[in-house]
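Beneath this line is the structure, given in structure tokens, with notes to follow.
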Amino acid sequence: MVASNVIRRARARVLVVEDDDDLRASIGEFLEARGFAVDRAADALQAVARIGVADYDVVVTDIRMPGPSGLAVAYAAQSCARPAVVVVITAYPEWYDVAEALDPFEIVRKPFRLRALAKTVARAAHEHDVQSPAG
């Protein structure tokens, strides 16, 4: 048996923030089927509240939503004690420059393939493992 001082989590914890109910459900189900532990939020207020009490590895957030935008979500995810890696999804090119200012792991353009998004989330979770000390 090889001893290790780094304990990896069995499953990366992901928060999916999307105001479109069907898309949020599809993303969540697809990621869960690939072994991720997924929480969902319908808007930025729900997401920021969840980020305040949970420890996420990756936050996937739409940028343009009713109420506060995904920018508030990204800021909250990156400002907590154990920052999450942020993946931004958007269909609006005018938001790309704004999103880039937050230095997300990646900006994924809508429409996208769920498989491609899952690969991005897996890479983001790996990046989070590399950047974060074991808990």
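Residue names in the structure tokens use chain letters A, B, ... in the order shown, residue numbers from 1 in each chain, and ligand numbers from 1 in the order shown.
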Compile the contact shell of Val60 (chain A) as a count of residues only: residues with an atom at most 12 Å away, counting only C-alpha atoms, same-chain residues fewer than 4 positions apart removed.
-> 43
Could you give me, as an MDAnalysis selection string, the residues within 8 Å of Val48 (chain A), counting only C-alpha atoms and dropping anything in the same chain fewer than 2 positions from it?
-> chainID A and resid 44:46 50:52 72:73 76:77
Given the selection you just returned, output its residues as a file containing N, CA and C atoms, formatted as a PDB file, in the first residue's frame.
```pdb
ATOM      1  N   ALA A  44     -28.919  33.786  -9.881  1.00  0.00           N
ATOM      2  CA  ALA A  44     -27.709  34.187  -9.162  1.00  0.00           C
ATOM      3  C   ALA A  44     -27.927  34.246  -7.653  1.00  0.00           C
ATOM      4  N   LEU A  45     -29.107  34.676  -7.213  1.00  0.00           N
ATOM      5  CA  LEU A  45     -29.355  34.769  -5.770  1.00  0.00           C
ATOM      6  C   LEU A  45     -29.304  33.391  -5.117  1.00  0.00           C
ATOM      7  N   GLN A  46     -29.936  32.397  -5.748  1.00  0.00           N
ATOM      8  CA  GLN A  46     -29.873  31.032  -5.219  1.00  0.00           C
ATOM      9  C   GLN A  46     -28.432  30.532  -5.221  1.00  0.00           C
ATOM     10  N   ARG A  50     -26.030  29.290  -2.080  1.00  0.00           N
ATOM     11  CA  ARG A  50     -25.449  27.943  -2.011  1.00  0.00           C
ATOM     12  C   ARG A  50     -23.929  28.006  -1.852  1.00  0.00           C
ATOM     13  N   ILE A  51     -23.301  28.914  -2.581  1.00  0.00           N
ATOM     14  CA  ILE A  51     -21.838  29.057  -2.500  1.00  0.00           C
ATOM     15  C   ILE A  51     -21.430  29.454  -1.084  1.00  0.00           C
ATOM     16  N   GLY A  52     -22.286  30.209  -0.417  1.00  0.00           N
ATOM     17  CA  GLY A  52     -21.988  30.635   0.945  1.00  0.00           C
ATOM     18  C   GLY A  52     -21.976  29.513   1.965  1.00  0.00           C
ATOM     19  N   ALA A  72     -22.089  37.986 -10.669  1.00  0.00           N
ATOM     20  CA  ALA A  72     -22.163  37.920  -9.200  1.00  0.00           C
ATOM     21  C   ALA A  72     -21.841  36.507  -8.721  1.00  0.00           C
ATOM     22  N   VAL A  73     -22.282  35.513  -9.476  1.00  0.00           N
ATOM     23  CA  VAL A  73     -22.000  34.119  -9.136  1.00  0.00           C
ATOM     24  C   VAL A  73     -20.501  33.852  -9.235  1.00  0.00           C
ATOM     25  N   ALA A  76     -18.612  35.500  -6.389  1.00  0.00           N
ATOM     26  CA  ALA A  76     -18.797  34.772  -5.124  1.00  0.00           C
ATOM     27  C   ALA A  76     -17.988  33.477  -5.118  1.00  0.00           C
ATOM     28  N   ALA A  77     -18.012  32.758  -6.235  1.00  0.00           N
ATOM     29  CA  ALA A  77     -17.286  31.478  -6.313  1.00  0.00           C
ATOM     30  C   ALA A  77     -15.785  31.669  -6.187  1.00  0.00           C
TER      31      ALA A  77
END
```
Take CA of Ser26 (chain A) and CA of Pro66 (chain A) and report the distance between them in Å, one decimal.
->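 These atoms are spaced 19.9 Å apart.
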Select, from A:Arg82, A:Asp20, A:Arg34, A:Tyr92, the residue with the minimum atom-to-atom distance to Lys119 (chain A), counting only C-alpha atoms.
->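 Smallest distance to Lys119 (chain A) is found for A:Arg34.
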Find the distance between CA of Val53 (chain A) and CA of Ala37 (chain A) and write it in Å to one decimal.
->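 One can read the CA of Val53 (chain A) to CA of Ala37 (chain A) distance as 15.6 Å.
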Using only C-alpha atoms: which of A:Ala81, A:His126, A:Arg11, A:Leu102 has the shortest distance to Ala54 (chain A) = A:Ala81
Pick from A:Ala25, A:Ala33, A:Ala49, A:Ala12: nearest to Cys80 (chain A), with only C-alpha atoms counted?
->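 Among A:Ala25, A:Ala33, A:Ala49, A:Ala12, it is A:Ala49 that comes nearest to Cys80 (chain A).
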Provide the CA of Glu127 (chain A) to CA of Val59 (chain A) distance in Å, to one decimal place.
->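 Between these atoms lies a distance of 12.6 Å.
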Residues flagged strand (DSSP E) by DSSP in chain A, as a list in words | Arg13, Val14, Leu15, Val16, Val17, Ala37, Val38, Asp39, Arg40, Ala41, Val58, Val59, Val60, Thr61, Asp62, Val85, Val86, Val87, Val88, Ile89, Thr90, Glu106, Ile107, Val108 and Arg109 of chain A
List every residue of region 23-65 of chain A that DSSP, applied to the backbone, labels as helix (DSSP H, G or I), and write the result as a list in words.
-> Leu23, Arg24, Ala25, Ser26, Ile27, Gly28, Glu29, Phe30, Leu31, Glu32, Ala33, Ala44, Leu45, Gln46, Ala47, Val48, Ala49, Arg50, Ile51, Gly52 and Val53 of chain A
For Glu94 (chain A), which of A:Arg123, A:Ala116, A:Ile63, A:Pro68 is the closest residue, counting only C-alpha atoms?
->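 Smallest distance to Glu94 (chain A) is found for A:Ile63.
In terms of minimum interatomic distance to Pro83 (chain A), A:Asp129 ranks closest within A:Asp129, A:Asp21, A:Gly35, A:Phe112, counting only C-alpha atoms.
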